[in-house]
Every structure is written in structure tokens, then in C-alpha cells.
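The file run-v6.cif comes next; it holds mmCIF, C-alpha atoms and all ligand atoms.
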data_input
#
loop_
_atom_site.group_PDB
_atom_site.id
_atom_site.type_symbol
_atom_site.label_atom_id
_atom_site.label_comp_id
_atom_site.auth_asym_id
_atom_site.auth_seq_id
_atom_site.Cartn_x
_atom_site.Cartn_y
_atom_site.Cartn_z
ATOM 1 C CA MET A 196 21.940 -2.276 -8.771
ATOM 2 C CA ARG A 197 23.540 -2.441 -5.353
ATOM 3 C CA LEU A 198 21.835 -1.024 -2.286
ATOM 4 C CA LEU A 199 22.977 -0.223 1.212
ATOM 5 C CA VAL A 200 20.540 -1.216 3.949
ATOM 6 C CA LEU A 201 21.082 0.535 7.269
ATOM 7 C CA HIS A 202 19.272 -0.654 10.353
ATOM 8 C CA GLY A 203 19.473 1.727 13.288
ATOM 9 C CA PRO A 204 19.647 1.268 17.048
ATOM 10 C CA ASN A 205 17.859 -1.575 18.746
ATOM 11 C CA LEU A 206 16.716 -3.170 15.539
ATOM 12 C CA ASN A 207 19.064 -6.004 16.527
ATOM 13 C CA LEU A 208 16.374 -6.709 19.109
ATOM 14 C CA LEU A 209 13.630 -6.855 16.511
ATOM 15 C CA GLY A 210 11.188 -9.561 17.425
ATOM 16 C CA ALA A 211 12.224 -9.510 21.036
ATOM 17 C CA ARG A 212 10.833 -6.077 21.594
ATOM 18 C CA GLU A 213 7.375 -5.695 22.991
ATOM 19 C CA GLY A 214 4.816 -5.005 20.352
ATOM 20 C CA THR A 215 6.988 -6.011 17.422
ATOM 21 C CA SER A 216 5.304 -8.709 15.460
ATOM 22 C CA GLY A 217 7.325 -8.899 12.285
ATOM 23 C CA GLY A 218 9.991 -11.369 13.307
ATOM 24 C CA THR A 219 13.662 -11.058 14.057
ATOM 25 C CA LEU A 220 16.277 -8.945 12.328
ATOM 26 C CA ARG A 221 17.781 -12.094 10.904
ATOM 27 C CA ALA A 222 14.399 -13.022 9.418
ATOM 28 C CA LEU A 223 14.073 -9.510 8.018
ATOM 29 C CA ASP A 224 17.492 -9.688 6.433
ATOM 30 C CA GLU A 225 16.711 -13.085 4.938
ATOM 31 C CA ALA A 226 13.479 -11.721 3.492
ATOM 32 C CA LEU A 227 15.365 -8.743 2.097
ATOM 33 C CA LYS A 228 18.014 -10.925 0.505
ATOM 34 C CA ALA A 229 15.429 -13.229 -1.033
ATOM 35 C CA ARG A 230 13.463 -10.357 -2.528
ATOM 36 C CA ALA A 231 16.623 -8.610 -3.672
ATOM 37 C CA LYS A 232 17.738 -11.755 -5.438
ATOM 38 C CA ALA A 233 14.401 -12.057 -7.184
ATOM 39 C CA LEU A 234 14.657 -8.433 -8.277
ATOM 40 C CA GLY A 235 18.276 -8.666 -9.374
ATOM 41 C CA LEU A 236 19.521 -6.348 -6.629
ATOM 42 C CA ALA A 237 22.635 -6.758 -4.509
ATOM 43 C CA LEU A 238 22.504 -5.696 -0.860
ATOM 44 C CA HIS A 239 24.998 -4.609 1.728
ATOM 45 C CA ILE A 240 23.260 -4.751 5.099
ATOM 46 C CA VAL A 241 24.506 -3.132 8.291
ATOM 47 C CA GLN A 242 22.841 -2.824 11.675
ATOM 48 C CA SER A 243 24.360 -0.664 14.334
ATOM 49 C CA ASN A 244 23.408 0.873 17.624
ATOM 50 C CA HIS A 245 25.982 3.587 17.020
ATOM 51 C CA GLU A 246 25.337 6.657 14.950
ATOM 52 C CA GLY A 247 29.000 6.947 14.033
ATOM 53 C CA VAL A 248 29.075 3.437 12.595
ATOM 54 C CA LEU A 249 26.072 4.246 10.417
ATOM 55 C CA LEU A 250 27.770 7.437 9.258
ATOM 56 C CA ASP A 251 31.062 5.687 8.585
ATOM 57 C CA THR A 252 29.230 3.028 6.583
ATOM 58 C CA LEU A 253 27.481 5.675 4.531
ATOM 59 C CA ALA A 254 30.793 7.283 3.731
ATOM 60 C CA SER A 255 32.671 4.089 2.992
ATOM 61 C CA GLU A 256 29.921 2.580 0.839
ATOM 62 C CA ARG A 257 28.928 5.697 -1.051
ATOM 63 C CA GLU A 258 30.737 4.778 -4.217
ATOM 64 C CA ALA A 259 29.856 1.115 -4.082
ATOM 65 C CA VAL A 260 26.075 1.487 -3.950
ATOM 66 C CA ASP A 261 23.327 3.084 -6.019
ATOM 67 C CA GLY A 262 20.817 3.731 -3.280
ATOM 68 C CA ILE A 263 20.082 3.447 0.410
ATOM 69 C CA LEU A 264 17.345 1.987 2.562
ATOM 70 C CA ILE A 265 17.517 3.324 6.063
ATOM 71 C CA ASN A 266 15.509 2.679 9.168
ATOM 72 C CA PRO A 267 17.065 5.185 11.551
ATOM 73 C CA ALA A 268 14.919 3.804 14.391
ATOM 74 C CA GLY A 269 15.611 5.903 17.484
ATOM 75 C CA LEU A 270 17.977 8.115 15.480
ATOM 76 C CA PHE A 271 15.154 9.595 13.434
ATOM 77 C CA THR A 272 16.025 13.055 14.775
ATOM 78 C CA SER A 273 19.673 12.766 13.759
ATOM 79 C CA TYR A 274 20.878 15.769 11.799
ATOM 80 C CA ALA A 275 24.175 13.954 11.411
ATOM 81 C CA LEU A 276 22.457 11.122 9.546
ATOM 82 C CA LYS A 277 20.433 13.594 7.502
ATOM 83 C CA GLU A 278 23.571 15.454 6.509
ATOM 84 C CA GLY A 279 25.412 12.198 5.878
ATOM 85 C CA LEU A 280 22.683 11.121 3.473
ATOM 86 C CA GLU A 281 22.741 14.497 1.787
ATOM 87 C CA ALA A 282 26.501 14.343 1.506
ATOM 88 C CA VAL A 283 26.518 11.008 -0.294
ATOM 89 C CA GLY A 284 23.825 12.304 -2.648
ATOM 90 C CA LEU A 285 22.271 8.918 -3.367
ATOM 91 C CA PRO A 286 18.551 8.247 -3.527
ATOM 92 C CA ALA A 287 17.495 7.061 -0.093
ATOM 93 C CA ILE A 288 14.273 5.607 1.211
ATOM 94 C CA GLU A 289 13.424 5.814 4.879
ATOM 95 C CA VAL A 290 11.721 2.643 5.980
ATOM 96 C CA LEU A 291 9.726 2.366 9.164
ATOM 97 C CA LEU A 292 8.011 -0.739 10.439
ATOM 98 C CA ARG A 293 5.165 1.332 11.792
ATOM 99 C CA PRO A 294 3.866 4.828 11.273
ATOM 100 C CA SER A 295 5.934 7.162 13.357
ATOM 101 C CA ALA A 296 4.175 9.485 15.728
ATOM 102 C CA ARG A 297 7.080 11.883 15.420
ATOM 103 C CA GLU A 298 8.555 13.863 12.578
ATOM 104 C CA SER A 299 11.644 12.281 11.106
ATOM 105 C CA VAL A 300 14.595 14.551 10.404
ATOM 106 C CA VAL A 301 16.262 11.753 8.455
ATOM 107 C CA ALA A 302 13.266 11.652 6.090
ATOM 108 C CA GLU A 303 14.194 15.153 4.994
ATOM 109 C CA ALA A 304 17.177 13.673 3.188
ATOM 110 C CA CYS A 305 15.160 10.855 1.641
ATOM 111 C CA VAL A 306 13.147 10.864 -1.540
ATOM 112 C CA LEU A 307 10.611 8.528 -0.059
ATOM 113 C CA GLN A 308 9.359 7.247 3.247
ATOM 114 C CA VAL A 309 7.660 3.884 3.454
ATOM 115 C CA HIS A 310 6.078 2.694 6.641
ATOM 116 C CA GLY A 311 4.100 -0.319 7.609
ATOM 117 C CA SER A 312 1.266 -0.669 10.025
ATOM 118 C CA GLY A 313 1.665 -3.947 11.834
ATOM 119 C CA GLY A 314 5.414 -4.161 12.194
ATOM 120 C CA GLY A 315 5.852 -6.609 9.316
ATOM 121 C CA PHE A 316 8.517 -6.516 6.642
ATOM 122 C CA GLU A 317 6.351 -5.177 3.815
ATOM 123 C CA PRO A 318 7.700 -1.627 3.881
ATOM 124 C CA TYR A 319 11.244 -2.893 3.422
ATOM 125 C CA LEU A 320 10.239 -5.136 0.552
ATOM 126 C CA GLU A 321 8.283 -2.321 -0.986
ATOM 127 C CA ALA A 322 11.338 -0.082 -0.818
ATOM 128 C CA LEU A 323 13.326 -2.738 -2.680
ATOM 129 C CA GLU A 324 10.607 -2.931 -5.305
ATOM 130 C CA THR A 325 10.709 0.818 -5.669
ATOM 131 C CA PHE A 326 14.440 0.829 -6.346
ATOM 132 C CA ALA A 327 14.052 -2.083 -8.753
ATOM 133 C CA SER A 328 11.304 -0.226 -10.599
ATOM 134 C CA GLY A 329 13.900 2.138 -12.009
ATOM 135 C CA VAL A 330 12.159 5.289 -10.873
ATOM 136 C CA PHE A 331 15.446 6.600 -9.508
ATOM 137 C CA THR A 332 17.335 5.961 -12.705
ATOM 138 C CA PRO A 333 15.832 8.424 -15.152
ATOM 139 C CA GLY A 334 16.678 7.945 -18.757
ATOM 140 C CA LYS A 335 16.557 4.183 -18.527
ATOM 141 C CA PRO A 336 13.330 2.440 -19.482
ATOM 142 C CA GLU A 337 11.308 1.718 -16.384
ATOM 143 C CA PRO A 338 10.310 -1.890 -15.934
ATOM 144 C CA ARG A 339 6.811 -2.827 -14.991
ATOM 145 C CA LYS A 340 6.189 -2.263 -11.361
ATOM 146 C CA THR A 341 5.460 -5.091 -9.024
ATOM 147 C CA LEU A 342 3.952 -3.129 -6.199
ATOM 148 C CA GLY A 343 0.489 -4.308 -7.047
ATOM 149 C CA ARG A 344 -0.914 -0.852 -7.316
ATOM 150 C CA LYS A 345 -4.551 -0.734 -8.213
ATOM 151 C CA GLN A 346 -5.339 0.301 -11.705
ATOM 152 C CA ASP A 347 -7.250 3.379 -12.516
ATOM 153 C CA ASP A 348 -10.619 2.349 -13.852
ATOM 154 C CA GLU A 349 -10.231 4.197 -17.092
ATOM 155 C CA ASP A 350 -6.739 2.979 -17.850
ATOM 156 C CA SER A 351 -6.341 -0.476 -19.224
ATOM 157 C CA ALA A 352 -2.557 -0.608 -19.493
ATOM 158 C CA PRO A 353 -0.712 -2.585 -16.836
ATOM 159 C CA ALA A 354 0.559 -0.500 -13.981
ATOM 160 C CA LYS A 355 4.021 0.889 -14.384
ATOM 161 C CA SER A 356 6.584 1.797 -11.847
ATOM 162 C CA THR A 357 5.241 3.871 -9.048
ATOM 163 C CA SER A 358 7.228 4.918 -6.151
ATOM 164 C CA SER A 359 6.411 8.179 -4.774
ATOM 165 C CA GLY A 360 4.045 10.319 -3.009
ATOM 166 C CA PRO A 361 5.521 13.222 -1.258
ATOM 167 C CA GLY A 362 5.690 12.808 2.453
ATOM 168 C CA LYS A 363 6.989 16.252 3.123
ATOM 169 C CA THR A 364 5.401 19.544 2.542
ATOM 170 C CA LEU A 365 6.560 21.502 -0.447
ATOM 171 C CA GLY A 366 8.164 24.170 1.600
ATOM 172 C CA LYS A 367 10.551 21.707 3.101
ATOM 173 C CA LYS A 368 13.908 21.103 1.654
ATOM 174 C CA ALA A 369 13.574 17.415 1.251
ATOM 175 C CA PRO A 370 11.190 15.853 -1.174
ATOM 176 C CA ALA A 371 10.473 12.750 0.832
ATOM 177 C CA LEU A 372 7.585 10.851 -0.562
ATOM 178 C CA ALA A 373 5.554 8.543 1.583
ATOM 179 C CA LEU A 374 4.100 5.156 0.854
ATOM 180 C CA ALA A 375 1.934 3.291 3.247
ATOM 181 C CA PRO A 376 1.565 -0.409 2.703
ATOM 182 C CA LYS A 377 -1.949 -1.620 3.058
ATOM 183 C CA GLU A 378 -3.013 -4.320 5.355
ATOM 184 C CA GLY A 379 -2.958 -7.638 3.617
ATOM 185 C CA GLY A 380 0.509 -7.388 2.185
ATOM 186 C CA LEU A 381 1.996 -6.085 -0.984
ATOM 187 C CA GLY A 382 -0.708 -7.184 -3.328
ATOM 188 C CA ASN A 383 -3.164 -4.425 -2.785
ATOM 189 C CA LYS A 384 -1.371 -1.200 -2.169
ATOM 190 C CA THR A 385 -2.110 2.230 -3.329
ATOM 191 C CA LEU A 386 0.243 5.089 -3.324
ATOM 192 C CA GLY A 387 -0.616 7.796 -0.970
ATOM 193 C CA ARG A 388 0.565 10.438 1.283
ATOM 194 C CA LYS A 389 -0.744 12.791 3.815
ATOM 195 C CA PRO A 390 0.812 16.216 3.535
ATOM 196 C CA SER A 391 0.823 16.557 7.254
ATOM 197 C CA SER A 392 3.593 18.080 9.255
ATOM 198 C CA ALA A 393 4.044 14.704 10.873
ATOM 199 C CA ASN A 394 5.028 13.205 7.505
ATOM 200 C CA LYS A 395 3.147 10.019 7.949
ATOM 201 C CA VAL A 396 0.567 8.076 6.091
ATOM 202 C CA ASP A 397 -1.936 5.839 7.755
ATOM 203 C CA ALA A 398 -2.465 2.405 6.364
ATOM 204 C CA GLN A 399 -5.768 2.311 4.557
ATOM 205 C CA PRO A 400 -8.350 -0.403 4.368
ATOM 206 C CA ALA A 401 -7.657 -2.672 1.425
ATOM 207 C CA GLY A 402 -9.279 -1.693 -1.820
ATOM 208 C CA LYS A 403 -9.691 1.959 -1.062
ATOM 209 C CA THR A 404 -7.586 4.687 -2.479
ATOM 210 C CA LEU A 405 -5.925 7.008 -0.066
ATOM 211 C CA GLY A 406 -8.300 9.861 -0.088
ATOM 212 C CA ARG A 407 -7.680 12.924 1.941
ATOM 213 C CA GLY A 408 -11.270 13.798 2.430
ATOM 214 C CA SER A 409 -13.678 15.263 0.012
ATOM 215 C CA LYS A 410 -12.449 18.356 -1.676
ATOM 216 C CA GLY A 411 -15.405 18.769 -3.954
ATOM 217 C CA SER A 412 -15.383 18.243 -7.695
ATOM 218 C CA PRO A 413 -12.423 19.824 -9.374
ATOM 219 C CA SER A 414 -13.360 22.180 -12.168
ATOM 220 C CA ALA A 415 -12.552 21.464 -15.794
ATOM 221 C CA THR A 416 -9.777 24.034 -15.693
ATOM 222 C CA GLU A 417 -8.004 21.831 -13.151
ATOM 223 C CA LEU A 418 -7.882 18.875 -15.503
ATOM 224 C CA LEU A 419 -4.387 17.463 -15.725
ATOM 225 C CA THR A 420 -3.419 16.995 -19.352
ATOM 226 C CA ARG A 421 -0.344 15.967 -21.291
ATOM 227 C CA ALA A 422 -0.402 19.392 -22.916
ATOM 228 C CA LEU A 423 -0.164 21.065 -19.525
ATOM 229 C CA VAL A 424 2.797 18.934 -18.455
ATOM 230 C CA ARG A 425 4.514 19.548 -21.792
ATOM 231 C CA GLN A 426 3.962 23.262 -21.373
ATOM 232 C CA LYS A 427 5.581 23.245 -17.935
ATOM 233 C CA VAL A 428 8.548 21.253 -19.183
ATOM 234 C CA SER A 429 8.985 23.637 -22.103
ATOM 235 C CA GLU A 430 8.884 26.567 -19.671
ATOM 236 C CA ARG A 431 11.689 24.872 -17.777
ATOM 237 C CA LEU A 432 13.687 24.358 -20.961
ATOM 238 C CA ALA A 433 13.144 27.994 -21.882
ATOM 239 C CA GLY A 434 14.462 29.065 -18.496
ATOM 240 C CA LYS A 435 11.134 30.444 -17.330
ATOM 241 C CA LEU A 436 11.008 27.890 -14.511
ATOM 242 C CA THR A 437 13.871 26.639 -12.372
ATOM 243 C CA ALA A 438 14.421 22.914 -11.875
ATOM 244 C CA ALA A 439 13.142 23.238 -8.314
ATOM 245 C CA GLU A 440 10.029 25.122 -9.444
ATOM 246 C CA LEU A 441 9.205 22.471 -12.017
ATOM 247 C CA ALA A 442 9.724 19.736 -9.416
ATOM 248 C CA ALA A 443 7.495 21.548 -6.924
ATOM 249 C CA TRP A 444 4.800 22.007 -9.551
ATOM 250 C CA ALA A 445 4.995 18.329 -10.523
ATOM 251 C CA ARG A 446 4.748 17.289 -6.921
ATOM 252 C CA SER A 447 1.710 19.441 -6.270
ATOM 253 C CA ARG A 448 -0.026 18.050 -9.383
ATOM 254 C CA TYR A 449 0.866 14.496 -8.405
ATOM 255 C CA GLU A 450 -0.633 15.037 -4.997
ATOM 256 C CA ALA A 451 -3.688 16.636 -6.546
ATOM 257 C CA VAL A 452 -4.237 13.635 -8.808
ATOM 258 C CA GLN A 453 -3.937 11.353 -5.800
ATOM 259 C CA SER A 454 -6.583 13.490 -4.133
ATOM 260 C CA GLY A 455 -8.968 13.184 -7.040
ATOM 261 C CA LEU A 456 -7.925 15.791 -9.587
ATOM 262 C CA PRO A 457 -9.137 14.457 -12.928
ATOM 263 C CA ALA A 458 -6.593 13.504 -15.543
ATOM 264 C CA GLU A 459 -6.861 13.368 -19.307
ATOM 265 C CA HIS A 460 -8.868 10.312 -20.250
ATOM 266 C CA GLY A 461 -6.756 7.207 -20.697
ATOM 267 C CA GLN A 462 -3.533 9.039 -19.842
ATOM 268 C CA LYS A 463 -3.586 8.982 -16.077
ATOM 269 C CA GLN A 464 -0.835 6.410 -15.655
ATOM 270 C CA MET A 465 1.445 8.144 -18.123
ATOM 271 C CA LEU A 466 0.796 11.501 -16.461
ATOM 272 C CA GLU A 467 1.465 10.123 -12.996
ATOM 273 C CA ASP A 468 4.694 8.511 -14.141
ATOM 274 C CA SER A 469 5.826 11.757 -15.746
ATOM 275 C CA LEU A 470 4.972 13.778 -12.659
ATOM 276 C CA GLN A 471 6.876 11.362 -10.462
ATOM 277 C CA ARG A 472 9.976 11.696 -12.592
ATOM 278 C CA LEU A 473 9.662 15.463 -12.652
ATOM 279 C CA THR A 474 9.158 15.560 -8.881
ATOM 280 C CA LEU A 475 12.625 14.067 -8.478
ATOM 281 C CA SER A 476 14.162 15.893 -11.431
ATOM 282 C CA HIS A 477 15.902 18.610 -9.446
ATOM 283 C CA LEU A 478 17.838 16.230 -7.166
ATOM 284 C CA PRO A 479 21.474 15.595 -7.988
ATOM 285 C CA SER A 480 21.032 11.844 -8.176
ATOM 286 C CA THR A 481 17.856 11.855 -10.249
ATOM 287 C CA ARG A 482 18.298 15.053 -12.209
ATOM 288 C CA LEU A 483 16.817 15.122 -15.706
ATOM 289 C CA SER A 484 19.019 16.638 -18.390
ATOM 290 C CA ASP A 485 17.527 18.890 -21.055
ATOM 291 C CA GLU A 486 17.726 15.951 -23.422
ATOM 292 C CA GLN A 487 15.790 13.753 -21.021
ATOM 293 C CA LEU A 488 13.191 16.477 -20.558
ATOM 294 C CA VAL A 489 12.746 16.669 -24.319
ATOM 295 C CA ASP A 490 12.449 12.897 -24.406
ATOM 296 C CA LEU A 491 9.782 13.043 -21.720
ATOM 297 C CA MET A 492 7.872 15.620 -23.754
ATOM 298 C CA THR A 493 8.076 13.394 -26.816
ATOM 299 C CA ARG A 494 6.713 10.457 -24.868
ATOM 300 C CA LEU A 495 3.869 12.605 -23.655
ATOM 301 C CA ASP A 496 3.226 13.652 -27.254
ATOM 302 C CA GLU A 497 3.024 10.072 -28.354
ATOM 303 C CA GLY A 498 0.717 9.222 -25.488
HETATM 304 O O1 LIG A 501 13.031 1.627 16.830
HETATM 305 C C1 LIG A 501 12.060 2.140 16.343
HETATM 306 C C2 LIG A 501 11.354 1.484 15.258
HETATM 307 C C3 LIG A 501 10.960 2.426 14.143
HETATM 308 O O2 LIG A 501 12.110 2.883 13.489
HETATM 309 C C4 LIG A 501 10.113 1.648 13.123
HETATM 310 O O3 LIG A 501 10.690 1.053 12.225
HETATM 311 O O4 LIG A 501 8.901 1.605 13.253
HETATM 312 C C5 LIG A 501 10.227 3.613 14.720
HETATM 313 C C6 LIG A 501 11.096 4.358 15.721
HETATM 314 O O5 LIG A 501 10.356 5.421 16.267
HETATM 315 C C7 LIG A 501 11.526 3.442 16.833
HETATM 316 O O6 LIG A 501 12.484 4.097 17.622
#
Spit out the file's structure as C-alpha cells when you get a sec.
Ligand SMILES: O=C1C[C@@](O)(C(=O)O)C[C@@H](O)[C@@H]1O
Amino acid sequence: MRLLVLHGPNLNLLGAREGTSGGTLRALDEALKARAKALGLALHIVQSNHEGVLLDTLASEREAVDGILINPAGLFTSYALKEGLEAVGLPAIEVLLRPSARESVVAEACVLQVHGSGGGFEPYLEALETFASGVFTPGKPEPRKTLGRKQDDEDSAPAKSTSSGPGKTLGKKAPALALAPKEGGLGNKTLGRKPSSANKVDAQPAGKTLGRGSKGSPSATELLTRALVRQKVSERLAGKLTAAELAAWARSRYEAVQSGLPAEHGQKQMLEDSLQRLTLSHLPSTRLSDEQLVDLMTRLDEG
């Protein structure tokens, strides 16, 4: 898998800028290359202070790469970049060194937003891990994830690929999902998102899941089961739900599980993985065919 890494304006000054503690751009690129090599990914890395150069690179590389990591930096409000990303139709992850205080327009064209807290390189490395996990290549077996996500107490199986937590509200066009690396590096992260209009997720203290406050105990009728997911997929196959409606439903259930909605005993990981795939299933680059939906149902059947 080959990825395009776009660094936006002023990131050439990384490390020299006040308050930036994660090292220089060269150090970042070296860290990216090393991790990419370990993950079997190839990278094409471009930094530019010019929007047009970033757009031209997107266009010229669109057929040579399978996905995009972009830190738009000061161009986070660029509709041109958003539309450029939409035009190339590749899965893109917006990477920010720190949580942004402002809403990113570029994130609307990304399936995921990952931000750090201290300015370190973790969010970039996490984005690489997410691509390598195979979550954006439905139909292919997904390798074990290496994000270090905490295991659910009731599930004993090793964690599988995780890569998403919506970072945009459902009403928005883009299904950006947001990951927030925890302090202490990659080894102790938990997926999470905050469905705020600001599309940001605060880094959480290590060891805690990303709760969004107490919502009370969900009732038994809210239990997420394999049967329920199968039913929704079959409604989609029968034409009772559109692809977008199924994706929106999957996203809302994924978020609910992250917020504490109970899942069928011993099946939480499988259900989360299925919901993540379904959340992306309406996008051109990660669309699930009818055959793949049937396959997903079969896997749910088998547990
Ligand atoms: O240049 C940057 C860095 C940044 O993109 C980040 O990675 O945290 C956040 C932007 O708001 C800012 O303009």
C-alpha cells in the first residue's frame, strides 16, 4: 500500500515554532518512513506552504496512492483542499499534532481525524497503523491491529483492527472519525470521539475509556447484538435501507457502544469491527458490495 503524506503550511518550521515539542519536520518524516517500512507501506511525502502545490500533488498522485494522510495546518478551512480530497476519492486521514480549537473543513472530506495532545508524532504514526490495519480495504482479511487498544473485559480475543470513531456529526456530509492518542504513546490508546461541533477529541488519561459522561444504564432493548446488525444489513440488501442510511445507523451504534451501550456477550469486538466497516460502506473508496455485505452477515452468524 502506498500513501501520500501532505504537510501543510509552516510545518517546515516544525520544531522551531513556539510551543511545538515534537521535533523537526525531518525527524517526523524519518519517524514516518521507519514506521511505514515496518508496516510494509510506501510513502510519498510532500510539504508545501502553497495550497496550489498541495492540490496539484493530490491530483498528480491520485492514481499512484491508496490513501492520504494530511495535516492541512493553517489551511484547515480550505474548501479547495476539501474538494480536492473528495475529487480524488481516496480514504484520507486528517492528522493534527494537537487538538484543534477550530472546526476543520478539510476533515469533512476525511474518514478519520487523529490528533495528538503534546505535539508529538503519535497521531501520524497512528494514522499509518490505521491504514495498515486494512480497515479501508474491505473484502480483504484485516490483520491484527497494532494500535494497542485496550481489550474489553469480557472479550478474550486479541484486539483487531480499529480505526474509527466518527468525528463529525451524522448530519454532516463527511464521515470523519476521530481518534485521540492518549498520553504515554501508542501503547495505551482507546478509540473515542466527541460528537461535538468542534470535531475534536480530548486526550484522555491513560487507562480510561473515552466516556462522554454518564448516560445512565441502557435498557435491555438497546443491547447491540449480531442479530440486530444482520437484520439491518438484510434490510439494506432488500432495498429497505439506502447505503447511506445503513452507514449512519452503524455509526450511531458504534458511537453508542463507545459510550457504554452493552453489546452481546463475547461479541463486542466483532460487532465493533462490523459497525466500523458498515460506517464506511457508503463511501466510494470503501463501499461494500452486496456480496461483501452477505459475507459480513455470514461472519456475524459464525460469531
Ligand atoms: O499549523 C498548525 C498545526 C496544526 O495543523 C496541528 O497539527 O496541530 C493545527 C493548526 O491549527 C495549525 O495552524
* Mind giving me the straight-line distance from CA of Asn205 in chain A to CA of Phe316 in chain A in Å, one decimal? => 16.1 Å
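Among A:Asn244, A:Gly329, A:His477, A:Thr252, the residue with the shortest atom-to-atom distance to Leu436 in chain A, counting all atoms listed in the file, is A:His477.
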Please expand the PyMOL selection byres (((not hetatm)) within 9 of (chain A and resi 501)) into the concrete residues it hits in this file, giving the result as a PDB file with C-alpha atoms, in the coordinates of the input.
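Result saved to out_17.pdb:
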ATOM      1  CA  HIS A 202      19.272  -0.654  10.353  1.00  0.00           C
ATOM      2  CA  GLY A 203      19.473   1.727  13.288  1.00  0.00           C
ATOM      3  CA  PRO A 204      19.647   1.268  17.048  1.00  0.00           C
ATOM      4  CA  ASN A 205      17.859  -1.575  18.746  1.00  0.00           C
ATOM      5  CA  LEU A 206      16.716  -3.170  15.539  1.00  0.00           C
ATOM      6  CA  LEU A 209      13.630  -6.855  16.511  1.00  0.00           C
ATOM      7  CA  THR A 215       6.988  -6.011  17.422  1.00  0.00           C
ATOM      8  CA  ASN A 266      15.509   2.679   9.168  1.00  0.00           C
ATOM      9  CA  PRO A 267      17.065   5.185  11.551  1.00  0.00           C
ATOM     10  CA  ALA A 268      14.919   3.804  14.391  1.00  0.00           C
ATOM     11  CA  GLY A 269      15.611   5.903  17.484  1.00  0.00           C
ATOM     12  CA  LEU A 270      17.977   8.115  15.480  1.00  0.00           C
ATOM     13  CA  PHE A 271      15.154   9.595  13.434  1.00  0.00           C
ATOM     14  CA  VAL A 290      11.721   2.643   5.980  1.00  0.00           C
ATOM     15  CA  LEU A 291       9.726   2.366   9.164  1.00  0.00           C
ATOM     16  CA  LEU A 292       8.011  -0.739  10.439  1.00  0.00           C
ATOM     17  CA  ARG A 293       5.165   1.332  11.792  1.00  0.00           C
ATOM     18  CA  PRO A 294       3.866   4.828  11.273  1.00  0.00           C
ATOM     19  CA  SER A 295       5.934   7.162  13.357  1.00  0.00           C
ATOM     20  CA  ALA A 296       4.175   9.485  15.728  1.00  0.00           C
ATOM     21  CA  ARG A 297       7.080  11.883  15.420  1.00  0.00           C
ATOM     22  CA  SER A 299      11.644  12.281  11.106  1.00  0.00           C
ATOM     23  CA  HIS A 310       6.078   2.694   6.641  1.00  0.00           C
ATOM     24  CA  GLY A 311       4.100  -0.319   7.609  1.00  0.00           C
ATOM     25  CA  SER A 312       1.266  -0.669  10.025  1.00  0.00           C
ATOM     26  CA  GLY A 314       5.414  -4.161  12.194  1.00  0.00           C
TER      27      GLY A 314
END
* Asked: Counting all atoms listed in the file, which of A:Ser447, A:Thr325, A:Thr332, A:Gln426 gets nearest to Leu307 in chain A?
  ->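 Closest to Leu307 in chain A of all the choices is A:Thr325.
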* To do: Can you turn the PyMOL selection byres (((chain A and resi 472) around 10) and not hetatm) into a concrete residue list for this file, as a list in words?
  =>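 Checked against the file, the PyMOL selection byres (((chain A and resi 472) around 10) and not hetatm) matches Val330, Phe331, Thr332, Pro333, Gly334, Thr357, Ser358, Ser359, Ala442, Ala445, Arg446, Leu466, Glu467, Asp468, Ser469, Leu470, Gln471, Leu473, Thr474, Leu475, Ser476, His477, Thr481, Arg482, Leu483, Leu488 and Leu491 of chain A.
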For the residues in that selection, give me C-alpha atoms as a compact mmCIF listing (two decimals), in the coordinates of the input.
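So selection-v5.txt came out as:
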# COMPACT_ATOMS: atom_id res chain seq x y z
CA VAL A 330 12.16 5.29 -10.87
CA PHE A 331 15.45 6.60 -9.51
CA THR A 332 17.34 5.96 -12.70
CA PRO A 333 15.83 8.42 -15.15
CA GLY A 334 16.68 7.94 -18.76
CA THR A 357 5.24 3.87 -9.05
CA SER A 358 7.23 4.92 -6.15
CA SER A 359 6.41 8.18 -4.77
CA ALA A 442 9.72 19.74 -9.42
CA ALA A 445 5.00 18.33 -10.52
CA ARG A 446 4.75 17.29 -6.92
CA LEU A 466 0.80 11.50 -16.46
CA GLU A 467 1.46 10.12 -13.00
CA ASP A 468 4.69 8.51 -14.14
CA SER A 469 5.83 11.76 -15.75
CA LEU A 470 4.97 13.78 -12.66
CA GLN A 471 6.88 11.36 -10.46
CA LEU A 473 9.66 15.46 -12.65
CA THR A 474 9.16 15.56 -8.88
CA LEU A 475 12.62 14.07 -8.48
CA SER A 476 14.16 15.89 -11.43
CA HIS A 477 15.90 18.61 -9.45
CA THR A 481 17.86 11.86 -10.25
CA ARG A 482 18.30 15.05 -12.21
CA LEU A 483 16.82 15.12 -15.71
CA LEU A 488 13.19 16.48 -20.56
CA LEU A 491 9.78 13.04 -21.72
* Pick from A:Gly284, A:Lys277, A:Ser328, A:Glu225 nearest to Arg257 in chain A, counting all atoms listed in the file -> A:Gly284
* To do: Point out the residue among A:Ile240, A:Leu264, A:Leu276, A:Ala222 with the least atom-to-atom distance to Phe326 in chain A, counting only C-alpha atoms.
  =>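 When distances to Phe326 in chain A are compared using only C-alpha atoms, the smallest one comes from A:Leu264.
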* To do: Run the PyMOL selection byres (((chain A and resi 230) around 12) and not hetatm) against the file shown and list the residues it catches, as a VMD selection string.
  => chain A and resid 223 to 229 231 to 238 316 to 317 319 to 327 341
* 8 Å contact set for Thr420 in chain A, all atoms listed in the file, chain neighbours under 5 positions out, as a list in words -> Ala458, Glu459, Gln462 and Leu466 of chain A
* Asked: In Å, with one decimal, what is the gap from CA of Tyr449 in chain A to CA of Arg421 in chain A?
  -> 13.0 Å
* When you draw a straight line from CA of Ile265 in chain A to CA of Ile288 in chain A, how long is it in Å? ->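 CA of Ile288 in chain A lies 6.3 Å from CA of Ile265 in chain A.
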Taking all atoms of range 318-328 of chain A that appear in the file, build a box with edges along x, y and z, extend it by 4 Å on every side, and state its centre and edge lengths in Å to one decimal, as lines of an AutoDock Vina configuration file.
center_x = 11.1
center_y = -2.2
center_z = -3.4
size_x = 14.7
size_y = 14.0
size_z = 22.5
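For the choices A:Ala451, A:Leu419, A:Met465, A:Val489, the atom-to-atom distance to Ala433 in chain A is smallest for A:Val489 when using only C-alpha atoms.
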* To do: Select, from A:Ile263, A:Val283, A:Asp490, A:Thr437, the residue with the minimum atom-to-atom distance to Val306 in chain A, counting all atoms listed in the file.
  =>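 Of the candidates, the smallest distance to Val306 in chain A is held by A:Ile263.
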